[in-house]
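Input: a single structure, listed below in structure tokens.
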Amino acid sequence: MRPVRYTLANAAVDPQIGAVIPMDIYIAPFSVSIQADVTGAATYTVEYTLDDIWAPGYNPATGHWIPLVGMTDATADANTFLVSPVTGVRARQTAGAGSVALTVIQAGIA
């Protein structure tokens, strides 16, 4: 699967919430790499959900999001791997005038 990249910037003006990046829970084995790159001064959290993000009327703003260990209120570059299925990933930039670039890659079936 191709990498998905999403950049958040300038939370000093208004906290930024990234789009939900959907995951394919039917790929086995489930394997996702997540990397966050910070430019300037930014505080961010990367979160995942088990919600049915494809359900009619689903609203990410009221969904149940779980912060990833090591990527919660972070201020430096970080990366992690997920091996248990999740339905979606997103980033929130909560402070700072810098930016956070989130890259997500899900392994595909060879």
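A note on labels: chains of the structure tokens are A, B, ... as shown, every chain counts residues from 1, and ligands are counted from 1 in their shown order.
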(request) Quick one: everything within 9 Å of A:Leu82, counting only C-alpha atoms, minus sequence neighbours fewer than 4 positions away in the same chain. Send it as a list in words. (result)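 So the residues in contact are Phe30, Ser31, Val32, Ser33, Ile34 and Val86 of chain A.
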(message) Give me the residues near stretch 10-24 of chain A as a PyMOL selection string, where near means some atom within 9 Å (using only C-alpha atoms) and where sequence neighbours in that chain fewer than 2 positions away do not count.
(response) chain A and resi 4+6-8+26-27+30+32+42-43+48+53+60+85-99+104+106
(message) Can you measure atom CA of A:Pro29 to atom CA of A:Glu47 for me? One decimal in Å is fine.
(response) 20.8 Å
(message) From a backbone DSSP assignment, name each residue in stretch 26-101 of chain A labelled strand (DSSP E), as a VMD selection string.
(response) chain A and resid 32 to 39 43 to 49 66 to 67 78 to 82 88 to 95 99 to 101
